[in-house]
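> Sharing a structure below in structure tokens format, with a few things to ask.
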Amino acid sequence: MRDWNVDPDGVLGVLAGVDDQGPAFQSAHHDFDGLSSSGGSLVIDGRDVLAHAWETFASDRRLVPGKLMHAVRSAADAVSAATIAIVAGDDEMAEDQYAAGQYAEQEWGIAPAAAYQAPPPGYW
């Protein structure tokens, strides 16, 4: 008996939710990119200290939204690939188990697996 289970439809729902947030990430990336280049408006009476401080602050943070988008995409790709591998593995194991049962019945004359199951409680 397994202690875990993968619900492909549930995974698909989570990935669809991630896709729904894509435009918000893109908007944040675009908006911050625009703000980070607006430091010129901070030059007052020829003093550019604020503009330089803003440029330094923004340059350290300018790539963050894009990095977040790539990290989320990588995680979603990994979840998708893992789900596909698990489902394919489950299907392969089921096929192998069925083939082994068929082989045992046909080649060795063993009764089907259902013949070896205990009757339900209260059957007798």
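As shown in the structure tokens, the chain order sets the letters A, B, ...; within each chain, residues go from 1, and ligands are also counted from 1 in the order they appear.
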So which residues touch Ala58 in chain A within 12 Å, counting only C-alpha atoms, skipping near sequence neighbours fewer than 5 positions away, as a ChimeraX atom specification?
/A:32-39,50-53,63-65
> Please provide the set of residues having any atom within 12 Å of Gly22 in chain A, restricted to only C-alpha atoms, with same-chain residues fewer than 5 positions apart removed, written as a ChimeraX atom specification.
/A:15-17,27-29,65-66,68-70,72-73,76
> Filtering to N, CA, C and O atoms, could you give me those residues as an mmCIF file, in the first residue's frame?

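The resulting again-v3.cif:
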```cif
data_model
loop_
_atom_site.group_PDB
_atom_site.id
_atom_site.type_symbol
_atom_site.label_atom_id
_atom_site.label_comp_id
_atom_site.auth_asym_id
_atom_site.auth_seq_id
_atom_site.Cartn_x
_atom_site.Cartn_y
_atom_site.Cartn_z
ATOM 1 N N LEU A 15 -1.373 23.924 -11.935
ATOM 2 C CA LEU A 15 -0.619 24.532 -13.031
ATOM 3 C C LEU A 15 -1.456 25.588 -13.753
ATOM 4 O O LEU A 15 -0.926 26.620 -14.182
ATOM 5 N N ALA A 16 -2.756 25.352 -13.888
ATOM 6 C CA ALA A 16 -3.627 26.354 -14.500
ATOM 7 C C ALA A 16 -3.664 27.611 -13.638
ATOM 8 O O ALA A 16 -3.680 28.737 -14.152
ATOM 9 N N GLY A 17 -3.660 27.430 -12.308
ATOM 10 C CA GLY A 17 -3.617 28.576 -11.402
ATOM 11 C C GLY A 17 -2.332 29.370 -11.557
ATOM 12 O O GLY A 17 -2.336 30.606 -11.505
ATOM 13 N N SER A 27 3.175 41.936 -15.658
ATOM 14 C CA SER A 27 2.869 43.336 -15.380
ATOM 15 C C SER A 27 3.831 43.909 -14.338
ATOM 16 O O SER A 27 4.339 45.026 -14.500
ATOM 17 N N ALA A 28 4.095 43.145 -13.282
ATOM 18 C CA ALA A 28 5.035 43.606 -12.245
ATOM 19 C C ALA A 28 6.421 43.810 -12.837
ATOM 20 O O ALA A 28 7.105 44.798 -12.541
ATOM 21 N N HIS A 29 6.824 42.886 -13.688
ATOM 22 C CA HIS A 29 8.140 42.992 -14.329
ATOM 23 C C HIS A 29 8.198 44.251 -15.193
ATOM 24 O O HIS A 29 9.149 45.036 -15.115
ATOM 25 N N PRO A 65 11.682 40.388 -10.623
ATOM 26 C CA PRO A 65 10.441 39.816 -11.173
ATOM 27 C C PRO A 65 10.700 38.785 -12.271
ATOM 28 O O PRO A 65 10.044 37.745 -12.314
ATOM 29 N N GLY A 66 11.645 39.045 -13.134
ATOM 30 C CA GLY A 66 11.972 38.080 -14.187
ATOM 31 C C GLY A 66 12.519 36.788 -13.619
ATOM 32 O O GLY A 66 12.166 35.694 -14.081
ATOM 33 N N LEU A 68 11.861 35.609 -10.683
ATOM 34 C CA LEU A 68 10.722 34.918 -10.068
ATOM 35 C C LEU A 68 9.895 34.189 -11.118
ATOM 36 O O LEU A 68 9.489 33.049 -10.915
ATOM 37 N N MET A 69 9.660 34.849 -12.256
ATOM 38 C CA MET A 69 8.892 34.206 -13.326
ATOM 39 C C MET A 69 9.598 32.946 -13.810
ATOM 40 O O MET A 69 8.968 31.916 -14.014
ATOM 41 N N HIS A 70 10.907 33.026 -13.976
ATOM 42 C CA HIS A 70 11.653 31.851 -14.440
ATOM 43 C C HIS A 70 11.664 30.741 -13.386
ATOM 44 O O HIS A 70 11.566 29.559 -13.727
ATOM 45 N N VAL A 72 9.320 30.170 -11.093
ATOM 46 C CA VAL A 72 7.981 29.573 -11.062
ATOM 47 C C VAL A 72 7.790 28.668 -12.276
ATOM 48 O O VAL A 72 7.257 27.563 -12.175
ATOM 49 N N ARG A 73 8.232 29.138 -13.445
ATOM 50 C CA ARG A 73 8.101 28.319 -14.653
ATOM 51 C C ARG A 73 8.893 27.025 -14.522
ATOM 52 O O ARG A 73 8.414 25.944 -14.866
ATOM 53 N N ALA A 76 7.013 24.725 -12.192
ATOM 54 C CA ALA A 76 5.818 24.180 -12.861
ATOM 55 C C ALA A 76 6.210 23.109 -13.871
ATOM 56 O O ALA A 76 5.551 22.068 -13.975
#
```
> Output as a PDB file with C-alpha atoms, in the first residue's frame all residues of range 28-117 of chain A that backbone DSSP marks as alpha helix (DSSP H).

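Final output, saved to selection-v3.pdb:
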```
ATOM      1  CA  ALA A  28       5.035  43.606 -12.245  1.00  0.00           C
ATOM      2  CA  HIS A  29       8.140  42.992 -14.329  1.00  0.00           C
ATOM      3  CA  HIS A  30       7.135  45.624 -16.881  1.00  0.00           C
ATOM      4  CA  ASP A  31       6.052  48.181 -14.264  1.00  0.00           C
ATOM      5  CA  PHE A  32       9.232  47.888 -12.219  1.00  0.00           C
ATOM      6  CA  ASP A  33      11.354  48.008 -15.349  1.00  0.00           C
ATOM      7  CA  GLY A  34       9.639  51.286 -16.224  1.00  0.00           C
ATOM      8  CA  LEU A  35      10.039  52.677 -12.711  1.00  0.00           C
ATOM      9  CA  SER A  36      13.685  51.718 -12.513  1.00  0.00           C
ATOM     10  CA  VAL A  49      22.292  62.185  -5.569  1.00  0.00           C
ATOM     11  CA  LEU A  50      18.719  60.907  -5.371  1.00  0.00           C
ATOM     12  CA  ALA A  51      18.813  59.796  -9.002  1.00  0.00           C
ATOM     13  CA  HIS A  52      22.027  57.823  -8.390  1.00  0.00           C
ATOM     14  CA  ALA A  53      20.632  56.290  -5.189  1.00  0.00           C
ATOM     15  CA  TRP A  54      17.478  55.255  -7.052  1.00  0.00           C
ATOM     16  CA  GLU A  55      19.529  53.819  -9.920  1.00  0.00           C
ATOM     17  CA  THR A  56      21.617  51.755  -7.479  1.00  0.00           C
ATOM     18  CA  PHE A  57      18.524  50.562  -5.619  1.00  0.00           C
ATOM     19  CA  ALA A  58      16.677  49.688  -8.825  1.00  0.00           C
ATOM     20  CA  SER A  59      19.605  47.961 -10.526  1.00  0.00           C
ATOM     21  CA  ASP A  60      19.841  45.496  -7.639  1.00  0.00           C
ATOM     22  CA  ARG A  61      16.130  44.725  -7.914  1.00  0.00           C
ATOM     23  CA  VAL A  64      13.878  40.089  -9.478  1.00  0.00           C
ATOM     24  CA  PRO A  65      10.441  39.816 -11.173  1.00  0.00           C
ATOM     25  CA  GLY A  66      11.972  38.080 -14.187  1.00  0.00           C
ATOM     26  CA  LYS A  67      13.918  35.703 -11.973  1.00  0.00           C
ATOM     27  CA  LEU A  68      10.722  34.918 -10.068  1.00  0.00           C
ATOM     28  CA  MET A  69       8.892  34.206 -13.326  1.00  0.00           C
ATOM     29  CA  HIS A  70      11.653  31.851 -14.440  1.00  0.00           C
ATOM     30  CA  ALA A  71      11.757  30.102 -11.051  1.00  0.00           C
ATOM     31  CA  VAL A  72       7.981  29.573 -11.062  1.00  0.00           C
ATOM     32  CA  ARG A  73       8.101  28.319 -14.653  1.00  0.00           C
ATOM     33  CA  SER A  74      10.917  25.891 -13.801  1.00  0.00           C
ATOM     34  CA  ALA A  75       9.003  24.584 -10.790  1.00  0.00           C
ATOM     35  CA  ALA A  76       5.818  24.180 -12.861  1.00  0.00           C
ATOM     36  CA  ASP A  77       7.781  22.337 -15.559  1.00  0.00           C
ATOM     37  CA  ALA A  78       9.272  20.020 -12.923  1.00  0.00           C
ATOM     38  CA  VAL A  79       5.845  19.303 -11.384  1.00  0.00           C
ATOM     39  CA  SER A  80       4.431  18.575 -14.817  1.00  0.00           C
ATOM     40  CA  ALA A  81       7.306  16.264 -15.779  1.00  0.00           C
ATOM     41  CA  ALA A  82       7.165  14.435 -12.432  1.00  0.00           C
ATOM     42  CA  THR A  83       3.405  13.903 -12.729  1.00  0.00           C
ATOM     43  CA  ILE A  84       3.779  12.541 -16.253  1.00  0.00           C
ATOM     44  CA  ALA A  85       6.550  10.182 -15.092  1.00  0.00           C
ATOM     45  CA  ILE A  86       4.507   8.940 -12.116  1.00  0.00           C
ATOM     46  CA  VAL A  87       1.367   8.361 -14.177  1.00  0.00           C
ATOM     47  CA  ALA A  88       3.383   6.629 -16.920  1.00  0.00           C
ATOM     48  CA  GLY A  89       5.103   4.484 -14.272  1.00  0.00           C
ATOM     49  CA  ASP A  90       1.758   3.573 -12.706  1.00  0.00           C
ATOM     50  CA  ASP A  91       0.387   2.613 -16.112  1.00  0.00           C
ATOM     51  CA  GLU A  92       3.495   0.562 -16.890  1.00  0.00           C
ATOM     52  CA  MET A  93       3.334  -1.239 -13.529  1.00  0.00           C
ATOM     53  CA  ALA A  94      -0.350  -2.015 -14.069  1.00  0.00           C
ATOM     54  CA  GLU A  95       0.376  -3.404 -17.528  1.00  0.00           C
ATOM     55  CA  ASP A  96       3.312  -5.447 -16.201  1.00  0.00           C
ATOM     56  CA  GLN A  97       1.213  -6.831 -13.346  1.00  0.00           C
ATOM     57  CA  TYR A  98      -1.593  -7.747 -15.716  1.00  0.00           C
ATOM     58  CA  ALA A  99       0.832  -9.404 -18.155  1.00  0.00           C
ATOM     59  CA  ALA A 100       2.464 -11.369 -15.318  1.00  0.00           C
ATOM     60  CA  GLY A 101      -0.952 -12.541 -14.126  1.00  0.00           C
ATOM     61  CA  GLN A 102      -1.951 -13.585 -17.623  1.00  0.00           C
ATOM     62  CA  TYR A 103       1.342 -15.428 -18.087  1.00  0.00           C
ATOM     63  CA  ALA A 104       0.919 -17.253 -14.775  1.00  0.00           C
ATOM     64  CA  GLU A 105      -2.624 -18.284 -15.649  1.00  0.00           C
ATOM     65  CA  GLN A 106      -1.817 -19.409 -19.184  1.00  0.00           C
ATOM     66  CA  GLU A 107       1.654 -20.910 -18.807  1.00  0.00           C
ATOM     67  CA  TRP A 108       1.550 -22.275 -15.272  1.00  0.00           C
TER      68      TRP A 108
END
```
> One decimal, Å: what's the distance from CA of Ala118 in chain A over to CA of Asn5 in chain A, could you say?
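Computing it gives 25.8 Å between the two atoms.
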> I'd like the interatomic distance between CA of Ser41 in chain A and CA of Arg62 in chain A, to a tenth of an Å.
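Interatomic distance here is 17.8 Å.
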